[in-house]
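model_1.cif follows (mmCIF, C-alpha atoms):
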```
data_coords
#
loop_
_atom_site.label_atom_id
_atom_site.label_comp_id
_atom_site.auth_asym_id
_atom_site.auth_seq_id
_atom_site.Cartn_x
_atom_site.Cartn_y
_atom_site.Cartn_z
CA MET A 230 89.32 85.54 79.52
CA LEU A 231 91.25 86.58 82.61
CA GLN A 232 91.30 90.32 83.07
CA TYR A 233 93.93 92.07 85.19
CA ASN A 234 92.91 94.71 87.70
CA THR A 235 94.95 97.26 85.76
CA GLN A 236 92.64 96.67 82.81
CA LYS A 237 89.48 97.24 84.82
CA LYS A 238 87.78 100.48 85.71
CA LYS A 239 89.80 102.59 88.12
CA MET A 240 88.31 102.64 91.62
CA ALA A 241 87.84 105.93 93.42
CA LEU A 242 88.43 104.28 96.82
CA PRO A 243 90.37 101.04 96.22
CA GLU A 244 90.59 100.31 99.94
CA TYR A 245 87.04 98.98 99.82
CA GLY A 246 87.90 96.47 97.13
CA ARG A 247 86.53 95.57 93.73
CA SER A 248 83.46 93.72 95.08
CA ILE A 249 82.11 96.81 96.88
CA GLN A 250 82.77 98.92 93.80
CA ASN A 251 80.80 96.46 91.67
CA MET A 252 77.89 96.69 94.13
CA VAL A 253 77.92 100.47 93.88
CA ASP A 254 78.05 100.35 90.09
CA HIS A 255 75.06 98.00 90.12
CA ALA A 256 73.11 100.24 92.49
CA VAL A 257 73.50 103.18 90.10
CA THR A 258 71.80 101.14 87.33
CA ILE A 259 68.70 100.18 89.40
CA ALA A 260 65.68 101.95 87.95
CA ASP A 261 63.31 101.62 90.91
CA ARG A 262 64.13 104.27 93.52
CA GLU A 263 62.99 102.25 96.55
CA GLU A 264 64.99 99.22 95.49
CA ARG A 265 67.97 101.47 94.78
CA GLN A 266 67.68 102.91 98.28
CA ARG A 267 67.56 99.44 99.87
CA CYS A 268 70.59 98.40 97.87
CA ALA A 269 72.49 101.50 99.05
CA ASN A 270 71.57 100.78 102.69
CA THR A 271 72.85 97.23 102.31
CA ILE A 272 76.12 98.44 100.80
CA ILE A 273 76.60 100.85 103.71
CA THR A 274 76.11 97.99 106.19
CA ILE A 275 78.71 95.86 104.37
CA MET A 276 81.14 98.77 104.23
CA GLY A 277 80.72 99.42 107.94
CA ASN A 278 81.43 95.79 108.81
CA MET A 279 84.82 96.11 107.14
CA PHE A 280 86.02 98.29 110.03
CA PRO A 281 86.83 97.13 113.58
CA PRO A 282 84.10 97.76 116.19
CA GLN A 283 85.98 100.57 117.94
CA GLN A 284 85.96 102.61 114.74
CA ARG A 285 82.22 102.29 114.15
CA GLU A 286 81.18 104.47 117.06
CA GLY A 287 79.87 107.96 116.52
CA GLU A 288 77.81 109.72 113.89
CA ASP A 289 80.90 110.88 112.00
CA PHE A 290 81.74 107.29 111.05
CA GLU A 291 78.39 106.69 109.38
CA HIS A 292 78.53 110.09 107.72
CA LYS A 293 81.92 109.16 106.29
CA LEU A 294 80.51 105.93 104.85
CA TRP A 295 77.77 107.77 102.98
CA ASP A 296 80.33 110.25 101.65
CA HIS A 297 82.42 107.34 100.42
CA LEU A 298 79.40 105.74 98.77
CA ALA A 299 78.71 108.96 96.86
CA ILE A 300 82.36 109.20 95.81
CA MET A 301 82.46 105.59 94.57
CA SER A 302 79.34 106.21 92.49
CA ASP A 303 80.95 109.33 91.02
CA PHE A 304 78.05 111.19 92.66
CA LYS A 305 75.58 109.50 90.27
CA LEU A 306 73.67 107.46 92.89
CA ASP A 307 70.28 109.13 93.18
CA ILE A 308 69.03 108.21 96.68
CA ASP A 309 67.90 109.89 99.88
CA TYR A 310 71.11 110.37 101.84
CA PRO A 311 70.68 110.58 105.64
CA PHE A 312 73.45 113.18 105.75
CA GLU A 313 74.53 116.11 103.64
CA ILE A 314 77.18 114.45 101.52
CA LEU A 315 80.43 115.89 100.28
CA ALA A 316 80.00 118.10 97.22
CA LYS A 317 81.66 116.90 94.04
CA GLU A 318 83.17 120.34 93.50
CA ARG A 319 85.17 119.97 96.72
CA MET A 320 86.66 116.72 95.45
CA GLN A 321 87.84 118.37 92.23
CA LYS A 322 89.28 121.46 93.93
CA SER A 323 93.04 121.39 94.33
CA PRO A 324 94.31 121.87 97.89
CA GLN A 325 96.12 125.03 98.84
CA PRO A 326 99.89 124.71 98.49
CA VAL A 327 101.73 124.24 101.77
CA PRO A 328 104.13 127.13 102.37
CA TYR A 329 107.73 126.08 102.95
CA ALA A 330 110.60 128.15 104.23
CA GLN A 331 112.64 129.29 101.26
CA SER A 332 115.56 130.83 103.14
CA HIS A 333 118.92 130.17 101.50
CA ILE A 334 121.56 128.07 103.30
CA ARG A 335 125.05 129.13 102.23
CA PHE A 336 126.79 125.90 103.28
CA ARG A 337 124.39 122.98 103.47
CA HIS A 338 126.89 120.72 105.23
CA TYR A 339 126.90 123.10 108.21
CA GLY A 340 123.13 123.42 108.33
CA ARG A 341 120.81 126.24 109.32
CA LEU A 342 121.43 125.90 113.06
CA VAL A 343 125.15 126.63 112.74
CA GLU A 344 124.40 129.70 110.63
CA HIS A 345 121.86 130.86 113.21
CA LEU A 346 124.33 130.45 116.08
CA ILE A 347 127.03 132.30 114.16
CA GLN A 348 124.67 135.25 113.75
CA LYS A 349 123.90 135.08 117.46
CA ALA A 350 127.63 135.06 118.27
CA CYS A 351 128.09 138.18 116.14
CA ASP A 352 125.71 140.09 118.42
CA MET A 353 127.25 138.88 121.69
CA PRO A 354 129.65 141.10 123.65
CA GLN A 355 133.27 140.06 123.93
CA GLY A 356 133.93 137.66 126.79
CA ASP A 357 134.29 134.05 127.88
CA GLU A 358 130.73 133.16 126.88
CA LYS A 359 131.28 134.31 123.31
CA MET A 360 134.67 132.62 123.09
CA ASN A 361 133.31 129.28 124.33
CA LEU A 362 130.40 129.46 121.91
CA LEU A 363 132.75 130.15 119.01
CA ALA A 364 135.08 127.31 120.04
CA MET A 365 132.13 124.92 120.16
CA LEU A 366 130.83 126.20 116.80
CA CYS A 367 134.17 125.95 115.01
CA ASN A 368 134.78 122.41 116.30
CA GLN A 369 131.28 121.46 115.20
CA MET A 370 131.94 122.96 111.77
CA LYS A 371 135.02 120.74 111.53
CA LYS A 372 132.93 117.65 112.29
CA ASP A 373 130.25 118.64 109.79
CA TYR A 374 132.82 119.37 107.09
CA ILE A 375 134.56 116.02 107.53
CA THR A 376 131.21 114.18 107.54
CA TRP A 377 130.27 115.85 104.26
CA ASN A 378 133.64 115.84 102.47
CA LYS A 379 135.33 112.76 104.00
CA ASP A 380 138.63 114.62 104.08
CA THR A 381 140.95 116.29 106.56
CA ILE A 382 140.24 119.86 107.55
CA ASP A 383 142.32 122.62 109.11
CA ASN A 384 141.49 125.85 110.86
CA ALA A 385 142.22 127.89 107.75
CA LYS A 386 139.21 126.48 105.88
CA ILE A 387 136.93 126.84 108.92
CA ASN A 388 138.14 130.41 109.40
CA GLN A 389 137.38 131.19 105.76
CA ASP A 390 133.82 129.85 106.05
CA LEU A 391 133.32 131.50 109.46
CA MET A 392 134.30 134.89 108.07
CA GLU A 393 131.97 134.45 105.10
CA LEU A 394 129.01 133.38 107.23
CA SER A 395 129.59 136.22 109.71
CA ARG A 396 130.32 138.75 106.92
CA GLY A 397 133.78 139.37 108.29
CA ARG A 398 132.72 139.98 111.90
CA LEU A 399 134.19 136.73 113.27
CA SER A 400 137.48 134.93 112.72
CA ILE A 401 139.64 132.28 114.38
CA THR A 402 142.22 134.13 116.45
CA PRO A 403 145.21 132.36 118.04
CA GLU A 404 143.38 132.57 121.37
CA LEU A 405 140.27 130.95 119.90
CA ALA A 406 142.33 128.24 118.15
CA GLU A 407 143.96 127.39 121.49
CA LEU A 408 140.57 127.17 123.19
CA MET A 409 139.29 124.89 120.42
CA ASP A 410 142.24 122.53 120.96
CA ARG A 411 141.70 122.53 124.73
CA ARG A 412 138.05 121.63 124.33
CA VAL A 413 138.91 118.73 121.99
CA ALA A 414 141.60 117.47 124.39
CA GLN A 415 139.22 117.79 127.32
CA ASN A 416 136.57 115.73 125.56
CA PHE A 417 139.17 113.12 124.64
CA ARG A 418 140.39 112.83 128.25
CA SER A 419 136.85 112.56 129.60
CA LYS A 420 136.21 109.55 127.35
CA GLY A 421 139.64 107.94 127.78
CA PRO A 422 139.57 106.79 131.45
CA GLN A 423 136.06 105.40 131.08
CA SER A 424 137.03 103.23 128.11
CA ARG A 425 140.21 102.05 129.91
CA ASN A 426 138.22 101.21 133.02
CA ASN A 427 135.76 99.23 130.95
CA GLN A 428 138.57 97.29 129.32
CA GLY A 429 140.11 96.45 132.70
CA ALA A 430 136.85 95.42 134.38
CA PRO A 431 136.79 91.79 135.59
CA GLY A 432 133.84 91.00 133.40
CA ASN A 433 135.70 92.16 130.30
CA ARG A 434 139.09 90.49 130.80
CA ASN A 435 138.05 87.11 129.44
CA LYS A 436 135.98 88.45 126.56
CA LYS A 437 137.22 87.57 123.12
CA LYS A 438 138.40 90.58 121.17
CA PHE A 439 137.60 90.90 117.51
#
```

Target encoding structure tokens, full file:
Amino acid sequence: MLQYNTQKKKMALPEYGRSIQNMVDHAVTIADREERQRCANTIITIMGNMFPPQQREGEDFEHKLWDHLAIMSDFKLDIDYPFEILAKERMQKSPQPVPYAQSHIRFRHYGRLVEHLIQKACDMPQGDEKMNLLAMLCNQMKKDYITWNKDTIDNAKINQDLMELSRGRLSITPELAELMDRRVAQNFRSKGPQSRNNQGAPGNRNKKKF
């Protein structure tokens, strides 16, 4: 009767395939130690041939094969290993949890970088550098908000979020709002002539427009 792989014994290292696992299971049952050792050596040779030549170089590769043989036998294969094999206890030990940053992000659509730059702006002295940074940040917050909410946005909402993120230390003043508009207009003008020039180029005049 046909038996599905899901109904068979689970393999510790399925990348070697069912045939290799069956060889290992057979080796464990061999009573004669010398014959069991020869069988293990043969299995190691077959396992090694499954890898491309460039991966077979070095002592670490062969050591890895013997470790894998021990794992596939559930550490029940009693032979003379040429290397000190991996201890079973290490296989059963759970790895240490990877620490992740758990810092809270108040507005996820703005991201951590925007919050970091807002805190940096809070500590900057008054001047053109601070004003330009704030104009860039507020315009970026507008883009992020629209990307997240798919809706229009005005300075009042950005000002509300800016004040909350800066704990009341920053706000959109009329001067800052004017600078924000100038930066948007400047970016629009810098892209406009280039697109018009591309449309009027000789190579583009006869192109079909969709």

Here is a test: counting all atoms listed in the file, which residue of A:Leu405, A:Ile308, A:Met360, A:Leu298 is nearest to A:Glu264?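 Going through A:Leu405, A:Ile308, A:Met360, A:Leu298 one by one, the smallest distance to A:Glu264 is for A:Ile308.
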
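The set of residues that the PyMOL selection byres ((chain A and resi 367) around 9) takes from this file is Leu362, Leu363, Ala364, Met365, Leu366, Asn368, Gln369, Met370, Lys371, Lys372, Asn384, Ile387, Asn388, Leu391, Ile401 and Met409 of chain A.
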
What is the distance between atom CA of A:Gln348 and atom CA of A:Arg412, in Å to one decimal?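 Answer for the atom CA of A:Gln348 to atom CA of A:Arg412 separation: 21.8 Å.
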
Using all atoms listed in the file, which residue out of A:Cys351, A:Ala299, A:Leu306, A:Met392 lies closest to A:Arg265?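 Of A:Cys351, A:Ala299, A:Leu306, A:Met392, the one nearest A:Arg265 is A:Leu306, counting all atoms listed in the file.
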
Expand the PyMOL selection byres ((chain A and resi 247-253) around 8) into the explicit residue set it covers here, and present it as a ChimeraX atom specification. /A:240,243,245-246,254-257,269,272,276,298,301-302

Going by the chain IDs and residue numbers used in this file, which residues fall under the PyMOL selection byres ((chain A and resi 294) around 10)? Write them as a list in words.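 Applied to this file, the PyMOL selection byres ((chain A and resi 294) around 10) selects Ile272, Ile273, Thr274, Met276, Gly277, Asp289, Phe290, Glu291, His292, Lys293, Trp295, Asp296, His297, Leu298, Ala299, Ile300 and Ile314 of chain A.
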
Go ahead and save the picked residues with C-alpha atoms, as a compact mmCIF listing (two decimals), keeping the file's coordinate frame.
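Output below, filename selection24.txt:
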```txt
# COMPACT_ATOMS: atom_id res chain seq x y z
CA ILE A 272 76.12 98.44 100.80
CA ILE A 273 76.60 100.85 103.71
CA THR A 274 76.11 97.99 106.19
CA MET A 276 81.14 98.77 104.23
CA GLY A 277 80.72 99.42 107.94
CA ASP A 289 80.90 110.88 112.00
CA PHE A 290 81.74 107.29 111.05
CA GLU A 291 78.39 106.69 109.38
CA HIS A 292 78.53 110.09 107.72
CA LYS A 293 81.92 109.16 106.29
CA TRP A 295 77.77 107.77 102.98
CA ASP A 296 80.33 110.25 101.65
CA HIS A 297 82.42 107.34 100.42
CA LEU A 298 79.40 105.74 98.77
CA ALA A 299 78.71 108.96 96.86
CA ILE A 300 82.36 109.20 95.81
CA ILE A 314 77.18 114.45 101.52
```

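Atom CA of A:Gly340 is found 25.0 Å from atom CA of A:Gln355.
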
Taking all atoms of stretch 278-290 of chain A that the file lists and extending 6 Å past them on each side, where is the centre of the axis-aligned box and how long are its edges? Answer in Å to one decimal, as JSON.
```
{"center_x": 82.3, "center_y": 103.3, "center_z": 112.5, "size_x": 21.0, "size_y": 27.1, "size_z": 22.8}
```

Do you have the atom CA of A:Gln266-atom CA of A:Glu313 distance handy?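 According to the coordinates, atom CA of A:Gln266 and atom CA of A:Glu313 are separated by 15.8 Å.
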
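If all atoms listed in the file are the atoms counted, then among A:Ala350, A:Thr258, A:Lys359, A:Leu394 the closest residue to A:Ile334 is A:Leu394.
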